[in-house]
Structures are given as structure tokens and as C-alpha cells.
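Asker: Quick one, my_file.pdb (PDB, C-alpha atoms):
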ATOM      1  CA  MET S   1     -58.129  59.912 -34.171  1.00  0.00           C
ATOM      2  CA  ALA S   2     -55.795  59.129 -31.300  1.00  0.00           C
ATOM      3  CA  PHE S   3     -53.625  56.029 -31.317  1.00  0.00           C
ATOM      4  CA  GLU S   4     -54.404  53.369 -28.731  1.00  0.00           C
ATOM      5  CA  LEU S   5     -52.298  50.867 -26.830  1.00  0.00           C
ATOM      6  CA  PRO S   6     -52.952  47.472 -28.443  1.00  0.00           C
ATOM      7  CA  ASP S   7     -53.638  44.535 -26.183  1.00  0.00           C
ATOM      8  CA  LEU S   8     -50.904  41.961 -25.907  1.00  0.00           C
ATOM      9  CA  PRO S   9     -51.638  39.026 -28.233  1.00  0.00           C
ATOM     10  CA  TYR S  10     -51.176  36.682 -25.243  1.00  0.00           C
ATOM     11  CA  ALA S  11     -51.423  36.799 -21.462  1.00  0.00           C
ATOM     12  CA  HIS S  12     -48.775  38.663 -19.467  1.00  0.00           C
ATOM     13  CA  ASP S  13     -47.444  35.371 -18.090  1.00  0.00           C
ATOM     14  CA  ALA S  14     -47.586  33.465 -21.396  1.00  0.00           C
ATOM     15  CA  LEU S  15     -43.868  33.886 -22.132  1.00  0.00           C
ATOM     16  CA  ALA S  16     -42.622  33.263 -18.595  1.00  0.00           C
ATOM     17  CA  ASP S  17     -41.558  29.670 -19.274  1.00  0.00           C
ATOM     18  CA  LYS S  18     -39.612  30.944 -22.289  1.00  0.00           C
ATOM     19  CA  GLY S  19     -37.604  33.548 -20.417  1.00  0.00           C
ATOM     20  CA  MET S  20     -39.740  36.721 -20.452  1.00  0.00           C
ATOM     21  CA  SER S  21     -41.553  37.123 -17.157  1.00  0.00           C
ATOM     22  CA  ALA S  22     -44.997  38.547 -16.473  1.00  0.00           C
ATOM     23  CA  GLU S  23     -43.286  41.339 -14.534  1.00  0.00           C
ATOM     24  CA  THR S  24     -41.272  42.319 -17.605  1.00  0.00           C
ATOM     25  CA  LEU S  25     -44.406  42.436 -19.752  1.00  0.00           C
ATOM     26  CA  GLU S  26     -46.298  44.427 -17.112  1.00  0.00           C
ATOM     27  CA  PHE S  27     -43.561  47.064 -17.078  1.00  0.00           C
ATOM     28  CA  HIS S  28     -42.691  46.930 -20.761  1.00  0.00           C
ATOM     29  CA  HIS S  29     -46.172  46.838 -22.323  1.00  0.00           C
ATOM     30  CA  ASP S  30     -48.387  48.401 -19.677  1.00  0.00           C
ATOM     31  CA  LEU S  31     -46.027  51.245 -18.720  1.00  0.00           C
ATOM     32  CA  HIS S  32     -43.322  51.852 -21.354  1.00  0.00           C
ATOM     33  CA  HIS S  33     -45.394  51.101 -24.456  1.00  0.00           C
ATOM     34  CA  LYS S  34     -48.364  53.024 -23.012  1.00  0.00           C
ATOM     35  CA  ALA S  35     -46.125  56.037 -22.387  1.00  0.00           C
ATOM     36  CA  TYR S  36     -45.142  56.110 -26.078  1.00  0.00           C
ATOM     37  CA  VAL S  37     -48.829  56.021 -27.024  1.00  0.00           C
ATOM     38  CA  ASP S  38     -49.813  58.769 -24.573  1.00  0.00           C
ATOM     39  CA  ASN S  39     -46.846  61.034 -25.334  1.00  0.00           C
ATOM     40  CA  GLY S  40     -47.149  60.493 -29.082  1.00  0.00           C
ATOM     41  CA  ASN S  41     -50.817  61.452 -29.046  1.00  0.00           C
ATOM     42  CA  LYS S  42     -50.081  64.626 -27.072  1.00  0.00           C
ATOM     43  CA  LEU S  43     -47.253  65.652 -29.375  1.00  0.00           C
ATOM     44  CA  ILE S  44     -49.128  65.209 -32.661  1.00  0.00           C
ATOM     45  CA  ALA S  45     -52.398  66.778 -31.466  1.00  0.00           C
ATOM     46  CA  GLY S  46     -53.149  69.835 -33.594  1.00  0.00           C
ATOM     47  CA  THR S  47     -50.118  69.343 -35.845  1.00  0.00           C
ATOM     48  CA  GLU S  48     -49.858  68.364 -39.508  1.00  0.00           C
ATOM     49  CA  TRP S  49     -49.346  64.772 -38.332  1.00  0.00           C
ATOM     50  CA  ASP S  50     -52.712  64.512 -36.600  1.00  0.00           C
ATOM     51  CA  GLY S  51     -54.745  61.917 -38.509  1.00  0.00           C
ATOM     52  CA  LYS S  52     -51.755  60.407 -40.318  1.00  0.00           C
ATOM     53  CA  THR S  53     -50.742  56.754 -40.001  1.00  0.00           C
ATOM     54  CA  LEU S  54     -47.885  55.659 -37.775  1.00  0.00           C
ATOM     55  CA  GLU S  55     -45.836  54.837 -40.867  1.00  0.00           C
ATOM     56  CA  GLU S  56     -46.461  58.241 -42.463  1.00  0.00           C
ATOM     57  CA  ILE S  57     -45.421  60.029 -39.281  1.00  0.00           C
ATOM     58  CA  ILE S  58     -42.271  57.941 -38.861  1.00  0.00           C
ATOM     59  CA  VAL S  59     -41.068  58.479 -42.427  1.00  0.00           C
ATOM     60  CA  GLY S  60     -42.114  62.141 -42.401  1.00  0.00           C
ATOM     61  CA  THR S  61     -40.454  63.124 -39.125  1.00  0.00           C
ATOM     62  CA  TYR S  62     -37.228  61.099 -39.344  1.00  0.00           C
ATOM     63  CA  ASP S  63     -34.192  63.353 -39.815  1.00  0.00           C
ATOM     64  CA  LYS S  64     -31.246  61.364 -41.167  1.00  0.00           C
ATOM     65  CA  ALA S  65     -28.910  64.290 -40.473  1.00  0.00           C
ATOM     66  CA  ALA S  66     -29.835  64.595 -36.788  1.00  0.00           C
ATOM     67  CA  VAL S  67     -27.851  63.038 -33.942  1.00  0.00           C
ATOM     68  CA  ALA S  68     -30.983  63.055 -31.778  1.00  0.00           C
ATOM     69  CA  GLN S  69     -34.453  62.699 -33.271  1.00  0.00           C
ATOM     70  CA  ASN S  70     -37.424  64.910 -32.372  1.00  0.00           C
ATOM     71  CA  GLY S  71     -40.034  63.976 -29.777  1.00  0.00           C
ATOM     72  CA  ILE S  72     -42.780  63.117 -32.264  1.00  0.00           C
ATOM     73  CA  PHE S  73     -40.530  60.681 -34.102  1.00  0.00           C
ATOM     74  CA  ASN S  74     -39.164  59.104 -30.926  1.00  0.00           C
ATOM     75  CA  ASN S  75     -42.568  58.330 -29.430  1.00  0.00           C
ATOM     76  CA  ILE S  76     -44.413  57.353 -32.606  1.00  0.00           C
ATOM     77  CA  SER S  77     -41.549  55.192 -33.841  1.00  0.00           C
ATOM     78  CA  GLN S  78     -41.318  53.399 -30.503  1.00  0.00           C
ATOM     79  CA  LEU S  79     -45.093  52.924 -30.527  1.00  0.00           C
ATOM     80  CA  TRP S  80     -44.776  51.221 -33.953  1.00  0.00           C
ATOM     81  CA  ASN S  81     -41.706  49.219 -32.917  1.00  0.00           C
ATOM     82  CA  HIS S  82     -43.475  47.775 -29.905  1.00  0.00           C
ATOM     83  CA  ASN S  83     -46.654  47.009 -31.845  1.00  0.00           C
ATOM     84  CA  GLN S  84     -44.464  44.787 -34.035  1.00  0.00           C
ATOM     85  CA  PHE S  85     -42.360  43.383 -31.186  1.00  0.00           C
ATOM     86  CA  TRP S  86     -45.247  41.708 -29.343  1.00  0.00           C
ATOM     87  CA  GLU S  87     -46.481  40.121 -32.585  1.00  0.00           C
ATOM     88  CA  MET S  88     -43.006  38.820 -33.413  1.00  0.00           C
ATOM     89  CA  MET S  89     -43.029  36.671 -30.258  1.00  0.00           C
ATOM     90  CA  GLY S  90     -45.385  33.957 -29.089  1.00  0.00           C
ATOM     91  CA  PRO S  91     -45.931  31.356 -26.392  1.00  0.00           C
ATOM     92  CA  GLY S  92     -46.281  28.329 -28.659  1.00  0.00           C
ATOM     93  CA  ALA S  93     -43.543  26.259 -30.248  1.00  0.00           C
ATOM     94  CA  SER S  94     -42.663  27.899 -33.542  1.00  0.00           C
ATOM     95  CA  ALA S  95     -40.742  26.178 -36.313  1.00  0.00           C
ATOM     96  CA  MET S  96     -39.195  28.303 -39.033  1.00  0.00           C
ATOM     97  CA  PRO S  97     -41.272  28.016 -42.228  1.00  0.00           C
ATOM     98  CA  THR S  98     -39.423  26.627 -45.235  1.00  0.00           C
ATOM     99  CA  GLU S  99     -39.611  29.803 -47.332  1.00  0.00           C
ATOM    100  CA  LEU S 100     -38.120  31.892 -44.520  1.00  0.00           C
ATOM    101  CA  GLU S 101     -35.404  29.332 -43.835  1.00  0.00           C
ATOM    102  CA  LYS S 102     -34.485  29.294 -47.536  1.00  0.00           C
ATOM    103  CA  ALA S 103     -34.353  33.095 -47.688  1.00  0.00           C
ATOM    104  CA  ILE S 104     -32.140  33.223 -44.595  1.00  0.00           C
ATOM    105  CA  ILE S 105     -29.783  30.553 -45.939  1.00  0.00           C
ATOM    106  CA  ASP S 106     -29.618  32.348 -49.304  1.00  0.00           C
ATOM    107  CA  SER S 107     -28.618  35.599 -47.576  1.00  0.00           C
ATOM    108  CA  PHE S 108     -26.478  34.396 -44.651  1.00  0.00           C
ATOM    109  CA  GLY S 109     -25.280  30.903 -45.591  1.00  0.00           C
ATOM    110  CA  SER S 110     -27.029  29.236 -42.644  1.00  0.00           C
ATOM    111  CA  VAL S 111     -29.596  29.879 -39.936  1.00  0.00           C
ATOM    112  CA  ASP S 112     -26.833  29.697 -37.326  1.00  0.00           C
ATOM    113  CA  GLU S 113     -24.869  32.412 -39.122  1.00  0.00           C
ATOM    114  CA  PHE S 114     -27.973  34.616 -39.229  1.00  0.00           C
ATOM    115  CA  LYS S 115     -28.498  34.119 -35.484  1.00  0.00           C
ATOM    116  CA  SER S 116     -24.847  34.894 -34.826  1.00  0.00           C
ATOM    117  CA  GLN S 117     -25.024  38.142 -36.813  1.00  0.00           C
ATOM    118  CA  PHE S 118     -28.345  39.145 -35.234  1.00  0.00           C
ATOM    119  CA  SER S 119     -27.052  38.523 -31.699  1.00  0.00           C
ATOM    120  CA  ALA S 120     -23.840  40.421 -32.452  1.00  0.00           C
ATOM    121  CA  ALA S 121     -25.818  43.389 -33.787  1.00  0.00           C
ATOM    122  CA  GLY S 122     -27.996  43.522 -30.678  1.00  0.00           C
ATOM    123  CA  ALA S 123     -25.105  43.054 -28.262  1.00  0.00           C
ATOM    124  CA  GLY S 124     -23.017  45.619 -30.126  1.00  0.00           C
ATOM    125  CA  GLN S 125     -25.660  48.349 -30.174  1.00  0.00           C
ATOM    126  CA  PHE S 126     -24.218  50.941 -27.791  1.00  0.00           C
ATOM    127  CA  GLY S 127     -26.891  52.176 -25.408  1.00  0.00           C
ATOM    128  CA  SER S 128     -30.535  51.747 -26.298  1.00  0.00           C
ATOM    129  CA  GLY S 129     -31.858  50.529 -29.626  1.00  0.00           C
ATOM    130  CA  TRP S 130     -32.964  47.565 -31.701  1.00  0.00           C
ATOM    131  CA  ALA S 131     -31.555  44.647 -33.695  1.00  0.00           C
ATOM    132  CA  TRP S 132     -33.396  43.831 -36.916  1.00  0.00           C
ATOM    133  CA  LEU S 133     -33.738  41.259 -39.654  1.00  0.00           C
ATOM    134  CA  VAL S 134     -34.897  43.251 -42.665  1.00  0.00           C
ATOM    135  CA  LYS S 135     -35.770  42.737 -46.289  1.00  0.00           C
ATOM    136  CA  ASP S 136     -33.663  45.369 -47.971  1.00  0.00           C
ATOM    137  CA  THR S 137     -34.630  47.480 -50.958  1.00  0.00           C
ATOM    138  CA  ASP S 138     -32.899  44.968 -53.271  1.00  0.00           C
ATOM    139  CA  GLY S 139     -35.048  42.110 -51.917  1.00  0.00           C
ATOM    140  CA  GLY S 140     -32.212  40.467 -49.981  1.00  0.00           C
ATOM    141  CA  LEU S 141     -32.215  39.886 -46.236  1.00  0.00           C
ATOM    142  CA  LYS S 142     -29.758  41.603 -43.925  1.00  0.00           C
ATOM    143  CA  VAL S 143     -29.180  42.188 -40.221  1.00  0.00           C
ATOM    144  CA  THR S 144     -29.113  45.774 -39.009  1.00  0.00           C
ATOM    145  CA  LYS S 145     -29.104  47.664 -35.738  1.00  0.00           C
ATOM    146  CA  THR S 146     -30.606  51.057 -34.966  1.00  0.00           C
ATOM    147  CA  GLU S 147     -30.210  53.511 -32.124  1.00  0.00           C
ATOM    148  CA  ASN S 148     -33.052  54.472 -29.805  1.00  0.00           C
ATOM    149  CA  GLY S 149     -36.381  54.259 -31.681  1.00  0.00           C
ATOM    150  CA  VAL S 150     -35.077  54.355 -35.250  1.00  0.00           C
ATOM    151  CA  ASN S 151     -36.462  51.495 -37.335  1.00  0.00           C
ATOM    152  CA  PRO S 152     -36.225  50.006 -40.853  1.00  0.00           C
ATOM    153  CA  LEU S 153     -39.067  52.175 -42.216  1.00  0.00           C
ATOM    154  CA  CYS S 154     -36.625  55.093 -42.112  1.00  0.00           C
ATOM    155  CA  PHE S 155     -34.474  53.387 -44.748  1.00  0.00           C
ATOM    156  CA  GLY S 156     -37.183  51.966 -47.012  1.00  0.00           C
ATOM    157  CA  GLN S 157     -36.669  48.470 -45.590  1.00  0.00           C
ATOM    158  CA  THR S 158     -39.236  45.902 -44.444  1.00  0.00           C
ATOM    159  CA  ALA S 159     -38.904  44.813 -40.801  1.00  0.00           C
ATOM    160  CA  LEU S 160     -39.147  41.027 -40.579  1.00  0.00           C
ATOM    161  CA  LEU S 161     -37.890  40.621 -36.999  1.00  0.00           C
ATOM    162  CA  GLY S 162     -36.923  43.148 -34.356  1.00  0.00           C
ATOM    163  CA  CYS S 163     -35.512  42.737 -30.876  1.00  0.00           C
ATOM    164  CA  ASP S 164     -35.703  45.549 -28.352  1.00  0.00           C
ATOM    165  CA  VAL S 165     -32.339  46.002 -26.603  1.00  0.00           C
ATOM    166  CA  TRP S 166     -33.414  48.841 -24.333  1.00  0.00           C
ATOM    167  CA  GLU S 167     -32.697  47.742 -20.768  1.00  0.00           C
ATOM    168  CA  HIS S 168     -36.379  47.674 -19.819  1.00  0.00           C
ATOM    169  CA  SER S 169     -36.785  44.754 -22.220  1.00  0.00           C
ATOM    170  CA  TYR S 170     -34.415  42.437 -20.402  1.00  0.00           C
ATOM    171  CA  TYR S 171     -33.123  43.778 -17.096  1.00  0.00           C
ATOM    172  CA  ILE S 172     -35.721  42.145 -14.840  1.00  0.00           C
ATOM    173  CA  ASP S 173     -35.044  38.695 -16.303  1.00  0.00           C
ATOM    174  CA  PHE S 174     -31.415  38.882 -17.422  1.00  0.00           C
ATOM    175  CA  ARG S 175     -29.965  41.836 -15.483  1.00  0.00           C
ATOM    176  CA  ASN S 176     -27.026  43.153 -17.556  1.00  0.00           C
ATOM    177  CA  LYS S 177     -26.614  39.993 -19.658  1.00  0.00           C
ATOM    178  CA  ARG S 178     -27.853  41.342 -22.986  1.00  0.00           C
ATOM    179  CA  PRO S 179     -26.196  38.565 -25.067  1.00  0.00           C
ATOM    180  CA  ALA S 180     -28.037  35.893 -23.034  1.00  0.00           C
ATOM    181  CA  TYR S 181     -31.315  37.768 -23.574  1.00  0.00           C
ATOM    182  CA  LEU S 182     -30.699  37.864 -27.343  1.00  0.00           C
ATOM    183  CA  THR S 183     -29.879  34.150 -27.505  1.00  0.00           C
ATOM    184  CA  ASN S 184     -33.026  33.325 -25.539  1.00  0.00           C
ATOM    185  CA  PHE S 185     -35.092  35.613 -27.789  1.00  0.00           C
ATOM    186  CA  LEU S 186     -33.959  33.804 -30.947  1.00  0.00           C
ATOM    187  CA  ASP S 187     -34.110  30.285 -29.509  1.00  0.00           C
ATOM    188  CA  ASN S 188     -37.321  30.473 -27.466  1.00  0.00           C
ATOM    189  CA  LEU S 189     -39.445  33.557 -28.050  1.00  0.00           C
ATOM    190  CA  VAL S 190     -39.635  34.302 -31.788  1.00  0.00           C
ATOM    191  CA  ASN S 191     -42.848  33.493 -33.637  1.00  0.00           C
ATOM    192  CA  TRP S 192     -41.217  32.447 -36.906  1.00  0.00           C
ATOM    193  CA  GLU S 193     -44.574  32.154 -38.672  1.00  0.00           C
ATOM    194  CA  ASN S 194     -45.129  35.858 -38.007  1.00  0.00           C
ATOM    195  CA  VAL S 195     -41.647  36.668 -39.307  1.00  0.00           C
ATOM    196  CA  ALA S 196     -42.286  34.647 -42.479  1.00  0.00           C
ATOM    197  CA  SER S 197     -45.621  36.429 -43.039  1.00  0.00           C
ATOM    198  CA  ARG S 198     -43.709  39.712 -43.428  1.00  0.00           C
ATOM    199  CA  LEU S 199     -41.526  38.511 -46.328  1.00  0.00           C
TER
END
Can you give me the file's structure in the form of C-alpha cells?
Answerer:
Amino acid sequence: MAFELPDLPYAHDALADKGMSAETLEFHHDLHHKAYVDNGNKLIAGTEWDGKTLEEIIVGTYDKAAVAQNGIFNNISQLWNHNQFWEMMGPGASAMPTELEKAIIDSFGSVDEFKSQFSAAGAGQFGSGWAWLVKDTDGGLKVTKTENGVNPLCFGQTALLGCDVWEHSYYIDFRNKRPAYLTNFLDNLVNWENVASRL
């Protein structure tokens, strides 16, 4: 069964007051995310991956020894990444739940230190990729960054929060100011209840 483009969990203009315009969501969700869905479906059709879950395909096609990943991985992983990304943001005010705040303080010393490390990871990712807050295999939280479409599933980690630092995610609203986009993402866009639900 072919994968489908999920609807946004809010209107295209719902995040505009928080720094992510309707135009960005129209390009990012309706065009970029849809392209990953369409290309992924074409690439897996008739292969051993047809009928598998997104997670099974990602783990099964990731090549840790490769400099560049294969087309199936790239499209399916980006499809999964974006499915999570929209859910990790929201239009309403979102306070950080106590259990998440405690876990972050236990791992980073403070929420501010976590935000600093997350922003640095995203700003320091050369070229396209993602910044992540993950629950590692030892149960602790850590900040990571990945190139292109690579995500925490490839390393046995649980993705709690991810921020897309491909230019199409921020260029309309922030031009080349990726650090400002990351700060705005953490301060205004994150749905912390969703992040906490992934612990």
C-alpha cells in the first residue's frame, strides 16, 4: 500500500504569527514533503520494501559506510522526518511539561543549556540536515545533528524533537539567518507536549 502525504495538523497560516509563514508551509509541506512521498512510492514499488513500514525501510536501507545514501533511504527517511516535524510544532502556547523539563535538566544542566546545544548543532550542520533531541540507547537525552535525511532511527535512538535545517525550511522567512530560525523554532514553534509524549 502506497504511503500518503499526511495533512498538516493545523492550517497553513496557523504558525505565521510565530515566525513560520503560510508560504513556507505551502512550499515545504505541499511541494517538498509531497515529493518525498511520491518519489519514495515510485522507488519502493515492486521491491522488497513494498509493504514495509517507514521505520523498517529506513533502518533496512541505511548504509552507515556510505558517504551518500541511496534514493529509497533519502526519500523515505525524509518522508518520516517531515511527518514528525509538523507534529513537533503547534500554533498554541506550549509550556514544557515537568517530566520533560526534569529529563532535560538531568542531561544538560538547564533548559537554556539544552537550547544552546540544540541551536549550535543546527547552525553547525554543514549543508542540509537536521538537529535533534534524542533519547539515546542508554536512556539519557542528547543533542545530535544529521546530514541530509539521516535520522535517529538509524542509530537506535528515539527522536524527541527535530528541526529541519534544509534551506526550504527557513529561507522564505529568515533568508540565510539559520541561527535566528533555530532560536525562533525553540522559543515559539515547538509543541513541548508532543516532545514529552515521545519520552
Asker: Could you tell me which of S:Ile172, S:Lys177, S:Gln78, S:Lys142 comes closest to Trp130 in chain S if we count only C-alpha atoms?
Answerer: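 Of S:Ile172, S:Lys177, S:Gln78, S:Lys142, the one nearest Trp130 in chain S is S:Gln78, counting only C-alpha atoms.
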Asker: Which residues, written as a list in words, have at least one atom at most 8 Å from range 30-40 of chain S, with all atoms listed in the file counted and residues fewer than 2 positions away on the same chain left out?
Answerer: Phe3, Glu4, Leu5, Leu25, Glu26, Phe27, His28, Lys42, Leu43, Ile44, Gly71, Ile72, Asn75, Ile76, Gln78, Leu79 and His82 of chain S
Asker: Leaving out Tyr10 in chain S and any residue of its chain fewer than 6 positions from it, which residues lie within 9 Å of it when counting only C-alpha atoms, given as a PyMOL selection string?
Answerer: chain S and resi 86+90-91
Asker: Here's the selection I'm unsure about, the PyMOL selection byres ((chain S and resi 147) around 8); applied to the file above, which residues does it give, as a ChimeraX atom specification?
Answerer: /S:125-130,145-146,148-150
Asker: Using C-alpha atoms, can you write the selected residues to a file as a short mmCIF file (atom, residue, chain, number, x, y, z; two decimals), in the frame of the given file?
Answerer:
data_model
loop_
_atom_site.label_atom_id
_atom_site.label_comp_id
_atom_site.auth_asym_id
_atom_site.auth_seq_id
_atom_site.Cartn_x
_atom_site.Cartn_y
_atom_site.Cartn_z
CA GLN S 125 -25.66 48.35 -30.17
CA PHE S 126 -24.22 50.94 -27.79
CA GLY S 127 -26.89 52.18 -25.41
CA SER S 128 -30.54 51.75 -26.30
CA GLY S 129 -31.86 50.53 -29.63
CA TRP S 130 -32.96 47.56 -31.70
CA LYS S 145 -29.10 47.66 -35.74
CA THR S 146 -30.61 51.06 -34.97
CA ASN S 148 -33.05 54.47 -29.80
CA GLY S 149 -36.38 54.26 -31.68
CA VAL S 150 -35.08 54.36 -35.25
#
Asker: List every protein, DNA or RNA residue that has an atom no more than 7 Å from (-31.6, 38.5, -51.5) in the file's coordinate frame, counting only C-alpha atoms, and report them as a ChimeraX atom specification.
Answerer: /S:106-107,138-141
Asker: Can you work out which one of S:Ala45, S:Leu54, S:Ala11, S:Ile105 has the shortest atom-to-atom distance to Gln84 in chain S, counting all atoms listed in the file?
Answerer: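 Closest to Gln84 in chain S, using all atoms listed in the file: S:Leu54.
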